[in-house]
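input.pdb, holding PDB, C-alpha atoms, pLDDT in the B column:
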ATOM      1  CA  MET A   1     367.520  12.606 190.917  1.00 42.00           C
ATOM      2  CA  ALA A   2     369.009   9.389 189.663  1.00 47.00           C
ATOM      3  CA  HIS A   3     370.143   8.833 186.102  1.00 46.00           C
ATOM      4  CA  ARG A   4     369.194   5.469 184.664  1.00 49.00           C
ATOM      5  CA  ASN A   5     369.864   4.552 181.040  1.00 52.00           C
ATOM      6  CA  GLY A   6     370.134   8.186 180.027  1.00 52.00           C
ATOM      7  CA  SER A   7     366.818   9.182 181.627  1.00 49.00           C
ATOM      8  CA  THR A   8     366.310  11.118 184.798  1.00 49.00           C
ATOM      9  CA  GLY A   9     364.003   9.940 187.529  1.00 49.00           C
ATOM     10  CA  ILE A  10     363.538  10.082 191.237  1.00 48.00           C
ATOM     11  CA  ASP A  11     365.304   7.334 193.196  1.00 51.00           C
ATOM     12  CA  LEU A  12     362.604   6.399 195.699  1.00 50.00           C
ATOM     13  CA  ASN A  13     364.533   3.613 197.429  1.00 51.00           C
ATOM     14  CA  SER A  14     367.877   4.819 198.703  1.00 51.00           C
ATOM     15  CA  ASN A  15     369.300   1.417 199.681  1.00 57.00           C
ATOM     16  CA  ASP A  16     368.660  -0.078 196.199  1.00 62.00           C
ATOM     17  CA  SER A  17     367.602  -3.493 197.481  1.00 68.00           C
ATOM     18  CA  SER A  18     365.540  -5.655 195.198  1.00 78.00           C
ATOM     19  CA  PHE A  19     362.311  -7.416 196.039  1.00 78.00           C
ATOM     20  CA  SER A  20     364.013 -10.820 195.895  1.00 77.00           C
ATOM     21  CA  ASP A  21     366.686  -9.615 198.346  1.00 79.00           C
ATOM     22  CA  GLU A  22     363.979  -8.473 200.746  1.00 79.00           C
ATOM     23  CA  ILE A  23     362.135 -11.818 200.487  1.00 77.00           C
ATOM     24  CA  LEU A  24     365.394 -13.705 201.068  1.00 74.00           C
ATOM     25  CA  THR A  25     366.129 -11.580 204.143  1.00 77.00           C
ATOM     26  CA  LEU A  26     362.616 -12.216 205.447  1.00 75.00           C
ATOM     27  CA  ALA A  27     363.002 -15.972 204.932  1.00 75.00           C
ATOM     28  CA  GLN A  28     366.387 -15.973 206.658  1.00 73.00           C
ATOM     29  CA  CYS A  29     365.020 -14.018 209.588  1.00 73.00           C
ATOM     30  CA  LEU A  30     361.950 -16.220 209.937  1.00 73.00           C
ATOM     31  CA  MET A  31     363.796 -19.541 209.625  1.00 69.00           C
ATOM     32  CA  PRO A  32     367.598 -19.193 209.552  1.00 61.00           C
ATOM     33  CA  GLU A  33     367.991 -22.728 210.961  1.00 64.00           C
ATOM     34  CA  PRO A  34     365.696 -25.686 211.659  1.00 61.00           C
ATOM     35  CA  PRO A  35     362.988 -24.654 214.157  1.00 60.00           C
ATOM     36  CA  THR A  36     363.725 -27.360 216.737  1.00 64.00           C
ATOM     37  CA  ALA A  37     367.447 -26.548 216.845  1.00 68.00           C
ATOM     38  CA  LYS A  38     366.695 -22.840 217.171  1.00 65.00           C
ATOM     39  CA  VAL A  39     364.255 -23.368 220.061  1.00 64.00           C
ATOM     40  CA  LYS A  40     366.761 -25.551 221.918  1.00 66.00           C
ATOM     41  CA  ARG A  41     369.555 -23.032 221.377  1.00 69.00           C
ATOM     42  CA  VAL A  42     367.464 -20.008 222.400  1.00 65.00           C
ATOM     43  CA  ILE A  43     366.184 -21.703 225.547  1.00 62.00           C
ATOM     44  CA  ALA A  44     369.714 -22.786 226.485  1.00 63.00           C
ATOM     45  CA  GLU A  45     371.035 -19.231 226.033  1.00 65.00           C
ATOM     46  CA  SER A  46     368.211 -17.602 228.037  1.00 60.00           C
ATOM     47  CA  TRP A  47     368.113 -14.664 225.635  1.00 61.00           C
ATOM     48  CA  ILE A  48     364.566 -15.348 224.486  1.00 61.00           C
ATOM     49  CA  ASP A  49     363.122 -11.866 224.886  1.00 68.00           C
ATOM     50  CA  ARG A  50     365.989 -10.028 223.237  1.00 72.00           C
ATOM     51  CA  GLN A  51     366.306 -12.471 220.347  1.00 74.00           C
ATOM     52  CA  VAL A  52     362.569 -12.550 219.692  1.00 75.00           C
ATOM     53  CA  HIS A  53     362.573  -8.759 219.755  1.00 73.00           C
ATOM     54  CA  GLU A  54     365.479  -8.584 217.300  1.00 81.00           C
ATOM     55  CA  ILE A  55     363.933 -11.177 214.984  1.00 83.00           C
ATOM     56  CA  ALA A  56     360.585  -9.374 215.063  1.00 81.00           C
ATOM     57  CA  TRP A  57     362.175  -6.030 214.192  1.00 83.00           C
ATOM     58  CA  THR A  58     364.262  -7.615 211.436  1.00 87.00           C
ATOM     59  CA  ALA A  59     361.109  -9.189 209.993  1.00 87.00           C
ATOM     60  CA  TYR A  60     359.273  -5.860 210.263  1.00 88.00           C
ATOM     61  CA  ASP A  61     362.107  -3.961 208.552  1.00 89.00           C
ATOM     62  CA  THR A  62     362.226  -6.576 205.808  1.00 90.00           C
ATOM     63  CA  VAL A  63     358.470  -6.422 205.182  1.00 90.00           C
ATOM     64  CA  VAL A  64     358.596  -2.619 205.091  1.00 91.00           C
ATOM     65  CA  GLY A  65     361.537  -2.741 202.667  1.00 91.00           C
ATOM     66  CA  ALA A  66     359.781  -5.254 200.406  1.00 92.00           C
ATOM     67  CA  THR A  67     356.582  -3.210 200.474  1.00 93.00           C
ATOM     68  CA  ASN A  68     358.559  -0.078 199.645  1.00 93.00           C
ATOM     69  CA  ASP A  69     360.243  -1.821 196.716  1.00 92.00           C
ATOM     70  CA  VAL A  70     356.946  -3.146 195.332  1.00 92.00           C
ATOM     71  CA  THR A  71     355.303   0.273 195.721  1.00 91.00           C
ATOM     72  CA  ASN A  72     358.212   2.004 193.974  1.00 91.00           C
ATOM     73  CA  ARG A  73     358.075  -0.444 191.079  1.00 91.00           C
ATOM     74  CA  LEU A  74     354.297  -0.131 190.866  1.00 90.00           C
ATOM     75  CA  PHE A  75     354.233   3.654 190.698  1.00 86.00           C
ATOM     76  CA  THR A  76     357.094   3.886 188.204  1.00 90.00           C
ATOM     77  CA  SER A  77     355.419   1.400 185.849  1.00 91.00           C
ATOM     78  CA  PRO A  78     354.055   2.973 182.638  1.00 92.00           C
ATOM     79  CA  ALA A  79     351.229   0.414 182.555  1.00 92.00           C
ATOM     80  CA  VAL A  80     350.005   1.484 186.000  1.00 90.00           C
ATOM     81  CA  GLY A  81     350.211   5.122 184.921  1.00 89.00           C
ATOM     82  CA  ASN A  82     348.075   4.395 181.867  1.00 92.00           C
ATOM     83  CA  VAL A  83     345.491   2.479 183.918  1.00 92.00           C
ATOM     84  CA  LEU A  84     345.269   5.218 186.547  1.00 90.00           C
ATOM     85  CA  GLY A  85     345.052   7.902 183.852  1.00 90.00           C
ATOM     86  CA  ASP A  86     342.204   6.071 182.151  1.00 94.00           C
ATOM     87  CA  ALA A  87     340.481   5.540 185.506  1.00 95.00           C
ATOM     88  CA  ILE A  88     340.599   9.271 186.250  1.00 94.00           C
ATOM     89  CA  ASP A  89     339.068   9.979 182.821  1.00 94.00           C
ATOM     90  CA  VAL A  90     336.257   7.463 183.439  1.00 95.00           C
ATOM     91  CA  VAL A  91     335.542   8.865 186.911  1.00 96.00           C
ATOM     92  CA  LEU A  92     335.327  12.438 185.574  1.00 96.00           C
ATOM     93  CA  ARG A  93     332.979  11.369 182.774  1.00 96.00           C
ATOM     94  CA  TRP A  94     330.809   9.492 185.290  1.00 96.00           C
ATOM     95  CA  GLN A  95     330.725  12.593 187.499  1.00 96.00           C
ATOM     96  CA  ARG A  96     329.529  14.742 184.574  1.00 95.00           C
ATOM     97  CA  PHE A  97     326.884  12.141 183.665  1.00 95.00           C
ATOM     98  CA  ASN A  98     325.613  12.043 187.264  1.00 94.00           C
ATOM     99  CA  ALA A  99     325.410  15.844 187.370  1.00 92.00           C
ATOM    100  CA  VAL A 100     323.276  15.873 184.195  1.00 92.00           C
ATOM    101  CA  VAL A 101     320.984  13.092 185.432  1.00 92.00           C
ATOM    102  CA  ALA A 102     320.560  14.721 188.863  1.00 89.00           C
ATOM    103  CA  GLY A 103     319.840  18.091 187.231  1.00 86.00           C
ATOM    104  CA  ALA A 104     317.150  16.581 184.986  1.00 86.00           C
ATOM    105  CA  PHE A 105     315.614  14.626 187.871  1.00 86.00           C
ATOM    106  CA  PHE A 106     315.449  17.547 190.278  1.00 82.00           C
ATOM    107  CA  ALA A 107     314.294  19.978 187.581  1.00 80.00           C
ATOM    108  CA  ALA A 108     311.148  17.881 187.302  1.00 79.00           C
ATOM    109  CA  LEU A 109     310.892  17.178 191.048  1.00 80.00           C
ATOM    110  CA  TRP A 110     311.043  20.760 192.414  1.00 78.00           C
ATOM    111  CA  PRO A 111     307.829  21.990 190.716  1.00 77.00           C
ATOM    112  CA  ALA A 112     306.006  18.768 191.664  1.00 79.00           C
ATOM    113  CA  ALA A 113     306.959  19.300 195.309  1.00 79.00           C
ATOM    114  CA  GLY A 114     306.016  22.981 195.137  1.00 77.00           C
ATOM    115  CA  LEU A 115     309.542  24.210 195.793  1.00 75.00           C
ATOM    116  CA  PRO A 116     310.974  27.200 193.930  1.00 75.00           C
ATOM    117  CA  ALA A 117     313.776  26.611 191.436  1.00 69.00           C
ATOM    118  CA  ALA A 118     317.092  28.436 191.811  1.00 68.00           C
ATOM    119  CA  THR A 119     316.220  30.784 188.940  1.00 72.00           C
ATOM    120  CA  GLU A 120     312.908  31.752 190.613  1.00 69.00           C
ATOM    121  CA  GLN A 121     314.508  32.941 193.818  1.00 68.00           C
ATOM    122  CA  ALA A 122     315.377  36.617 194.121  1.00 58.00           C
TER     123      ALA A 122
END
Serialized structure, structure tokens:
Amino acid sequence: MAHRNGSTGIDLNSNDSSFSDEILTLAQCLMPEPPTAKVKRVIAESWIDRQVHEIAWTAYDTVVGATNDVTNRLFTSPAVGNVLGDAIDVVLRWQRFNAVVAGAFFAALWPAAGLPAATEQA
């Protein structure tokens, strides 16, 4: 548990990188130098496969880190907690309403179809 400003909470991101740091790393990995100079240099070095592989993994790690940071901030936000709490309340009320409507509908449908109700079965 991490202590921040006198409160305790779970530290979800162990490397403590910010979203802007992750975006900067992604930008540096995608275009650290002008594209034409990079292509000329990579072709001259004949390390195309290895460098492309390293750049791709760096970009992947950066995107995963940025996504992790955004997700951590989202789920620790009080506003998101309030919205999700209200959504759960609305969904449960809707479920109860649907149960009542379905019960009333089928209570009238079973006798019309000639089917026995649950209370009539032995």
Long-range neighbours of region 64-76 of chain A as a ChimeraX atom specification, 6 Å cut-off, only C-alpha atoms, 2 positions minimum in chain: /A:19,22,61-62
Hits from the PyMOL selection byres ((chain A and resi 26) around 9), listed as a PyMOL selection string: chain A and resi 21-25+27-31+58-63
For CA of Ser20 (chain A) and CA of Val83 (chain A), the interatomic separation in Å (one decimal):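 Going from CA of Ser20 (chain A) over to CA of Val83 (chain A), I get 25.8 Å.
Rounded to one decimal, CA of Trp94 (chain A) and CA of Ala113 (chain A) lie 27.7 Å from each other.
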For CA of Val101 (chain A) and CA of Asn82 (chain A), the interatomic separation in Å (one decimal):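 If I compute the distance from CA of Val101 (chain A) to CA of Asn82 (chain A), I get 28.7 Å.
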